[in-house]
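Data from final.pdb: PDB, C-alpha atoms and all ligand atoms
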ATOM      1  CA  MET A   1     -20.594  46.813  65.846
ATOM      2  CA  ASN A   2     -21.648  45.664  62.425
ATOM      3  CA  ASN A   3     -18.974  43.620  60.685
ATOM      4  CA  TYR A   4     -18.272  40.246  59.143
ATOM      5  CA  ASN A   5     -18.182  38.704  62.625
ATOM      6  CA  THR A   6     -21.566  39.979  63.759
ATOM      7  CA  LEU A   7     -23.510  39.785  60.491
ATOM      8  CA  ASP A   8     -24.664  37.009  58.200
ATOM      9  CA  HIS A   9     -25.160  37.476  54.480
ATOM     10  CA  HIS A  10     -28.844  37.564  53.645
ATOM     11  CA  GLU A  11     -29.270  38.339  49.960
ATOM     12  CA  GLY A  12     -27.704  40.661  47.430
ATOM     13  CA  MET A  13     -26.060  43.479  49.398
ATOM     14  CA  VAL A  14     -28.167  42.826  52.489
ATOM     15  CA  TRP A  15     -26.629  41.482  55.692
ATOM     16  CA  ILE A  16     -28.442  40.778  58.962
ATOM     17  CA  SER A  17     -27.305  40.439  62.558
ATOM     18  CA  LYS A  18     -26.442  36.973  63.798
ATOM     19  CA  LEU A  19     -28.506  37.983  66.843
ATOM     20  CA  PHE A  20     -31.643  37.055  64.909
ATOM     21  CA  LYS A  21     -30.776  33.393  65.431
ATOM     22  CA  THR A  22     -30.692  33.673  69.195
ATOM     23  CA  GLU A  23     -32.615  36.784  70.229
ATOM     24  CA  ASN A  24     -35.036  37.488  67.387
ATOM     25  CA  ARG A  25     -33.745  41.023  67.005
ATOM     26  CA  GLY A  26     -30.918  42.882  65.312
ATOM     27  CA  ASN A  27     -29.826  45.186  62.528
ATOM     28  CA  ILE A  28     -30.530  45.030  58.839
ATOM     29  CA  CYS A  29     -27.457  46.316  56.998
ATOM     30  CA  VAL A  30     -26.243  46.810  53.475
ATOM     31  CA  LEU A  31     -22.649  46.352  52.445
ATOM     32  CA  LEU A  32     -21.708  49.378  50.370
ATOM     33  CA  ASN A  33     -18.156  49.596  49.051
ATOM     34  CA  GLY A  34     -16.700  47.662  51.946
ATOM     35  CA  GLU A  35     -18.667  49.410  54.697
ATOM     36  CA  PHE A  36     -21.770  48.227  56.485
ATOM     37  CA  GLN A  37     -24.586  50.765  56.732
ATOM     38  CA  VAL A  38     -27.567  50.124  58.985
ATOM     39  CA  LEU A  39     -30.922  50.333  57.222
ATOM     40  CA  ALA A  40     -33.038  49.502  60.237
ATOM     41  CA  TYR A  41     -33.224  47.826  63.606
ATOM     42  CA  VAL A  42     -35.726  44.995  63.887
ATOM     43  CA  SER A  43     -37.259  44.241  67.278
ATOM     44  CA  PRO A  44     -38.929  40.975  68.352
ATOM     45  CA  ASP A  45     -42.434  42.463  68.177
ATOM     46  CA  MET A  46     -41.902  43.258  64.489
ATOM     47  CA  LEU A  47     -41.399  39.537  63.946
ATOM     48  CA  GLU A  48     -44.564  38.440  65.757
ATOM     49  CA  THR A  49     -46.757  38.714  62.702
ATOM     50  CA  ARG A  50     -44.265  38.526  59.870
ATOM     51  CA  ASP A  51     -41.273  36.346  59.163
ATOM     52  CA  LEU A  52     -37.794  37.807  58.884
ATOM     53  CA  ASP A  53     -37.576  37.536  55.098
ATOM     54  CA  THR A  54     -40.761  39.594  54.748
ATOM     55  CA  VAL A  55     -39.592  42.213  57.237
ATOM     56  CA  VAL A  56     -36.255  42.556  55.457
ATOM     57  CA  ALA A  57     -37.967  42.853  52.064
ATOM     58  CA  ASP A  58     -40.244  45.600  53.431
ATOM     59  CA  ILE A  59     -37.313  47.510  54.929
ATOM     60  CA  VAL A  60     -35.327  47.317  51.710
ATOM     61  CA  ALA A  61     -38.359  48.442  49.700
ATOM     62  CA  ALA A  62     -39.034  51.292  52.134
ATOM     63  CA  ASN A  63     -35.499  52.546  51.575
ATOM     64  CA  GLY A  64     -36.283  52.875  47.920
ATOM     65  CA  THR A  65     -33.368  50.801  46.814
ATOM     66  CA  SER A  66     -32.636  47.678  44.896
ATOM     67  CA  TYR A  67     -30.045  46.496  47.406
ATOM     68  CA  LYS A  68     -31.693  43.140  47.672
ATOM     69  CA  LEU A  69     -31.587  42.573  43.956
ATOM     70  CA  GLN A  70     -28.082  43.733  43.336
ATOM     71  CA  THR A  71     -25.892  40.709  42.999
ATOM     72  CA  ASN A  72     -23.042  42.062  40.890
ATOM     73  CA  LEU A  73     -20.587  42.047  43.739
ATOM     74  CA  ILE A  74     -16.956  41.031  43.459
ATOM     75  CA  THR A  75     -14.536  40.232  46.244
ATOM     76  CA  CYS A  76     -11.087  41.781  45.998
ATOM     77  CA  SER A  77      -8.394  39.078  45.913
ATOM     78  CA  ILE A  78      -6.035  41.272  47.926
ATOM     79  CA  CYS A  79      -8.038  42.630  50.862
ATOM     80  CA  GLY A  80     -10.936  40.170  50.769
ATOM     81  CA  ILE A  81     -13.551  42.930  50.926
ATOM     82  CA  THR A  82     -16.581  42.705  48.645
ATOM     83  CA  TYR A  83     -17.371  45.699  46.469
ATOM     84  CA  ASP A  84     -19.733  46.636  43.721
ATOM     85  CA  GLU A  85     -18.319  45.329  40.460
ATOM     86  CA  THR A  86     -17.598  48.865  39.251
ATOM     87  CA  LEU A  87     -14.973  49.262  41.995
ATOM     88  CA  VAL A  88     -13.022  46.093  41.273
ATOM     89  CA  ASN A  89     -10.682  45.741  38.317
ATOM     90  CA  ILE A  90     -11.168  42.224  36.984
ATOM     91  CA  VAL A  91      -9.758  42.949  33.536
ATOM     92  CA  ASP A  92      -6.180  44.145  33.761
ATOM     93  CA  TYR A  93      -4.554  41.754  36.239
ATOM     94  CA  PRO A  94      -4.563  38.047  37.060
ATOM     95  CA  ASP A  95      -6.096  38.977  40.446
ATOM     96  CA  ASP A  96      -9.357  40.822  41.071
ATOM     97  CA  VAL A  97      -8.114  44.096  42.562
ATOM     98  CA  CYS A  98     -10.276  46.784  44.164
ATOM     99  CA  LYS A  99      -9.645  50.499  43.720
ATOM    100  CA  HIS A 100      -8.193  50.762  47.215
ATOM    101  CA  CYS A 101      -5.637  48.000  46.663
ATOM    102  CA  GLU A 102      -4.806  48.882  43.088
ATOM    103  CA  LYS A 103      -2.056  51.399  43.816
ATOM    104  CA  ASN A 104      -0.113  49.100  46.147
ATOM    105  CA  TYR A 105      -0.728  46.228  43.801
ATOM    106  CA  LEU A 106       0.828  48.127  40.913
ATOM    107  CA  ASP A 107       3.818  49.159  43.049
ATOM    108  CA  GLU A 108       4.570  45.516  43.733
ATOM    109  CA  GLN A 109       4.537  44.473  40.097
TER     110      GLN A 109
HETATM  111 ZN    ZN A 201      -8.832  45.328  47.921
END
As structure tokens, how would this structure be written, given the file I've shared?
Amino acid sequence: MNNYNTLDHHEGMVWISKLFKTENRGNICVLLNGEFQVLAYVSPDMLETRDLDTVVADIVAANGTSYKLQTNLITCSICGITYDETLVNIVDYPDDVCKHCEKNYLDEQ
């Protein structure tokens, strides 16, 4: 399973398995709209000649994305999940409220 318990934040939208600390292997994931998606699995032999930061950078580049660079993420005050800033309303309420929580939030006002 890839979740907040099994992954550590790496950079931008990129999260990596905590397994890297103990077993030198694991998943490289991106957090997209509250869900972790696996970009790649990294095995110990991939880390023999390169360090983890380099391997992650190569994987992100190979996926043709700017995941690593994207830092405009906002955590919803209600559910605690981090989303792209376009999915969190930080303007209209005292709390930062994501699209998923917005309806219930409004009902409680
Ligand atoms: Zn929310």
Enumerate, as a short mmCIF file (atom, residue, chain, number, x, y, z; two decimals) with C-alpha atoms, in the coordinates of the input, the protein, DNA and RNA residues whose atoms approach (-35.9, 42.8, 53.6) to within 10 Å, taking into account only C-alpha atoms and the coordinate frame of the file.
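To be explicit, this is the file written out as selection39.cif:
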data_model
loop_
_atom_site.label_atom_id
_atom_site.label_comp_id
_atom_site.auth_asym_id
_atom_site.auth_seq_id
_atom_site.Cartn_x
_atom_site.Cartn_y
_atom_site.Cartn_z
CA HIS A 10 -28.84 37.56 53.64
CA GLU A 11 -29.27 38.34 49.96
CA VAL A 14 -28.17 42.83 52.49
CA TRP A 15 -26.63 41.48 55.69
CA ILE A 16 -28.44 40.78 58.96
CA ILE A 28 -30.53 45.03 58.84
CA CYS A 29 -27.46 46.32 57.00
CA LEU A 39 -30.92 50.33 57.22
CA ALA A 40 -33.04 49.50 60.24
CA LEU A 52 -37.79 37.81 58.88
CA ASP A 53 -37.58 37.54 55.10
CA THR A 54 -40.76 39.59 54.75
CA VAL A 55 -39.59 42.21 57.24
CA VAL A 56 -36.26 42.56 55.46
CA ALA A 57 -37.97 42.85 52.06
CA ASP A 58 -40.24 45.60 53.43
CA ILE A 59 -37.31 47.51 54.93
CA VAL A 60 -35.33 47.32 51.71
CA ALA A 61 -38.36 48.44 49.70
CA ALA A 62 -39.03 51.29 52.13
CA ASN A 63 -35.50 52.55 51.58
CA TYR A 67 -30.04 46.50 47.41
CA LYS A 68 -31.69 43.14 47.67
#
**OP:** Report as a PyMOL selection string which protein, DNA and RNA residues come within 12 Å of ligand ZN 201 (chain A), using only C-alpha atoms and all ligand atoms.
**Re:** chain A and resi 33-34+74-84+87-90+95-105
Original post:
Interatomic distance between CA of Val30 (chain A) and CA of Tyr4 (chain A)?
Top reply: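 CA of Tyr4 (chain A) lies 11.8 Å from CA of Val30 (chain A).
Residues in contact range of region 41-50 of chain A, defined as at most 6 Å between all atoms listed in the file, with sequence neighbours fewer than 2 positions away removed, read Asn24, Arg25, Gly26 and Asn27 of chain A.
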Subject >> For CA of Gln37 (chain A) and CA of Met13 (chain A), the interatomic separation in Å (one decimal) >> reply: 10.4 Å
